[in-house]
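Everything below concerns the one structure shown next.
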Amino acid sequence: MKKYFKYYGICWAIALVVFNVITFVVTNEMVGLSSVGSSFWVGYAFITIAFIGNLICSLLFFKEENKNKVFLNIPIIQLAYSALVVSLIVGAVSMAVPQIPYWIGVIVDVLILAFYAIAIVKASAAVNIVNDVEQKIKVQTFFIKSLTVDADSLMARAGSDEMKAEAKKVYEAIRYSDPMSNDALANIENQIQNEFNAFADAVKNNDIDLAKLSANELVILINDRNKKCKLLK
């Protein structure tokens, strides 16, 4: 996300320069800078502050590196540029056209900044919710994913074709089982882990008879777990 801020920062600097050029050049040509009153400078100051507020909001938004943030907040990235462009137009027009009261530009730019800031807060909240759900899913699927990796590694360690066949049977049973875990499955998952450890010892010791018994028991336990998973949904 930081690389996006670099490009946004360049656009922001250009917009600020354009705003200042239009404000002072046009005002000087139309009424003369020496004749402007205090309301002009108050309006200029507040619109400039709105620009700075836009930059600060964008900095806070873009500074975090998060893959979900990029994906979910593409509309906010577009909004950032839109808010900047609209602020530039409103601010420049309100400052350069004497017939338009300066306070109108101030109010509109402040409203744009408020809308942008609220959108950022909402988007950040959405990203945090997605991250929390993602983390929860990682925890809940860790048992099966970890066991699948171990089973795959064990299959590569098998010393004979017959042993490989047993290891593959166990691997596929684990791989295609329901990945979601639950506190109610703790007991049977402990049994599966213990039986898998016994199966792993049998494979490493090249004990085919024990490996077959253990593999069959593992498949039964995994099927029982899958049935219980269905009941919990």
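Order determines the names: the first chain of the structure tokens is A, the second B, and so forth; residues in each chain are numbered 1 upward, and ligands are numbered 1 upward as they are shown.
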Legend entry - alpha helix (DSSP H) positions in range 31-206 of chain A, given as a VMD selection string: chain A and resid 38 to 62 67 to 72 74 to 96 102 to 157 161 to 175 186 to 204
Legend entry - Computed interatomic separation between CA of Pro101 in chain A and CA of Gly43 in chain A (Å): 9.0 Å
Legend entry - Shell around Leu55 in chain A at 8 Å using only C-alpha atoms, local window under 3 positions removed, as an NGL selection string: :A and (9 or 12 or 51-52 or 58-59)
Could you write out the selected residues, including N, CA, C and O atoms, as a CSV table (one decimal), in the first residue's frame?
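That gives us part01.csv:
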```csv
chain,number,residue,atom,x,y,z
A,9,GLY,N,0.7,11.0,-3.2
A,9,GLY,CA,1.4,12.2,-2.7
A,9,GLY,C,1.9,13.1,-3.8
A,9,GLY,O,1.8,14.3,-3.7
A,12,TRP,N,-1.2,14.8,-5.0
A,12,TRP,CA,-1.6,15.8,-4.0
A,12,TRP,C,-0.8,17.1,-4.1
A,12,TRP,O,-1.3,18.2,-4.0
A,51,PHE,N,-6.9,20.5,2.6
A,51,PHE,CA,-6.0,19.7,1.7
A,51,PHE,C,-5.0,18.9,2.6
A,51,PHE,O,-4.7,17.7,2.3
A,52,ILE,N,-4.5,19.5,3.6
A,52,ILE,CA,-3.5,18.8,4.5
A,52,ILE,C,-4.2,17.7,5.3
A,52,ILE,O,-3.7,16.6,5.4
A,58,SER,N,-5.0,10.1,4.0
A,58,SER,CA,-4.5,9.2,3.0
A,58,SER,C,-3.2,8.5,3.5
A,58,SER,O,-3.0,7.3,3.3
A,59,LEU,N,-2.4,9.3,4.3
A,59,LEU,CA,-1.2,8.7,4.8
A,59,LEU,C,-1.5,7.6,5.8
A,59,LEU,O,-0.9,6.5,5.7
```
Neighbours of Ala15 in chain A within 8 Å (only C-alpha atoms; same-chain residues fewer than 5 positions away dropped), as a compact mmCIF listing (two decimals) with all heavy atoms, in the first residue's frame?
```txt
# COMPACT_ATOMS: atom_id res chain seq x y z
N LEU A 84 -9.64 14.40 -3.79
CA LEU A 84 -8.59 15.38 -4.05
C LEU A 84 -8.97 16.30 -5.22
O LEU A 84 -8.82 17.53 -5.14
CB LEU A 84 -7.28 14.66 -4.36
CG LEU A 84 -6.05 15.53 -4.62
CD1 LEU A 84 -5.73 16.37 -3.40
CD2 LEU A 84 -4.85 14.66 -5.00
N VAL A 85 -9.47 15.71 -6.30
CA VAL A 85 -9.83 16.49 -7.49
C VAL A 85 -10.99 17.44 -7.19
O VAL A 85 -10.95 18.62 -7.56
CB VAL A 85 -10.21 15.55 -8.66
CG1 VAL A 85 -10.80 16.35 -9.82
CG2 VAL A 85 -8.98 14.78 -9.13
N LEU A 88 -9.89 20.30 -5.06
CA LEU A 88 -9.14 21.25 -5.87
C LEU A 88 -10.09 22.17 -6.64
O LEU A 88 -9.94 23.40 -6.62
CB LEU A 88 -8.22 20.51 -6.84
CG LEU A 88 -7.59 21.36 -7.95
CD1 LEU A 88 -6.70 22.45 -7.36
CD2 LEU A 88 -6.80 20.46 -8.91
```
Inset, instruction - Compare A:Leu16, A:Ser94, A:Met180, A:Ala167 by their minimum atom-to-atom distance to Val219 in chain A, counting only C-alpha atoms, and give me the closest one. - result: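 Result for the nearest residue to Val219 in chain A: A:Ala167.
CA of Ile192 in chain A to CA of Asp132 in chain A spans 28.1 Å [interatomic distance, one decimal].
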Legend entry - Å distance separating CA of Ile120 in chain A from CA of Ile14 in chain A, one decimal place: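 Atom-to-atom, CA of Ile120 in chain A and CA of Ile14 in chain A are spaced 22.5 Å apart.
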Inset, instruction - Please provide the set of residues having any atom within 12 Å of Val17 in chain A, restricted to only C-alpha atoms, with same-chain residues fewer than 5 positions apart removed, written as a list in words. - result: Ile10, Cys11, Trp12, Ile22, Thr23, Phe24, Val25, Thr48, Phe51, Leu88 and Ala92 of chain A
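The closest residue to Thr148 in chain A, picked from A:Met163, A:Ala96, A:Phe196, A:Ile89 and counting only C-alpha atoms, is A:Phe196.
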Inset, instruction - Fewer than 6 positions away in the same chain doesn't count, so skip those; otherwise give me all residues within 10 Å of Tyr176 in chain A, counting only C-alpha atoms, as a list in words. - result: Ile144, Thr148, Ile222 and Asn226 of chain A
Keeping only N, CA and C atoms, take the residues you just selected and write them out as an mmCIF file, in the first residue's frame.
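Done, and the output landed in result-v5.cif:
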```cif
data_model
loop_
_atom_site.group_PDB
_atom_site.id
_atom_site.type_symbol
_atom_site.label_atom_id
_atom_site.label_comp_id
_atom_site.auth_asym_id
_atom_site.auth_seq_id
_atom_site.Cartn_x
_atom_site.Cartn_y
_atom_site.Cartn_z
ATOM 1 N N ILE A 144 -6.003 -30.109 10.276
ATOM 2 C CA ILE A 144 -6.044 -30.929 9.074
ATOM 3 C C ILE A 144 -4.943 -30.531 8.097
ATOM 4 N N THR A 148 -2.062 -33.002 6.940
ATOM 5 C CA THR A 148 -1.909 -33.302 5.512
ATOM 6 C C THR A 148 -0.453 -33.171 5.086
ATOM 7 N N ILE A 222 -10.977 -40.811 10.849
ATOM 8 C CA ILE A 222 -11.177 -39.622 10.008
ATOM 9 C C ILE A 222 -12.609 -39.568 9.486
ATOM 10 N N ASN A 226 -15.412 -36.688 10.146
ATOM 11 C CA ASN A 226 -16.177 -36.019 9.086
ATOM 12 C C ASN A 226 -17.681 -36.049 9.383
#
```
Inset, instruction - Pick out the residues sitting within 8 Å of Gly91 in chain A, and hand them over as a VMD selection string; count only C-alpha atoms, and ignore anything fewer than 2 positions along from it in its own chain. - result: chain A and resid 19 47 87 to 89 93 to 95 105 to 106 109
Inset, instruction - Select, from A:Ile188, A:Ile104, A:Cys57, A:Ile76, the residue with the minimum atom-to-atom distance to Ser39 in chain A, counting only C-alpha atoms. - result: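 Of the candidates, the smallest distance to Ser39 in chain A is held by A:Ile104.
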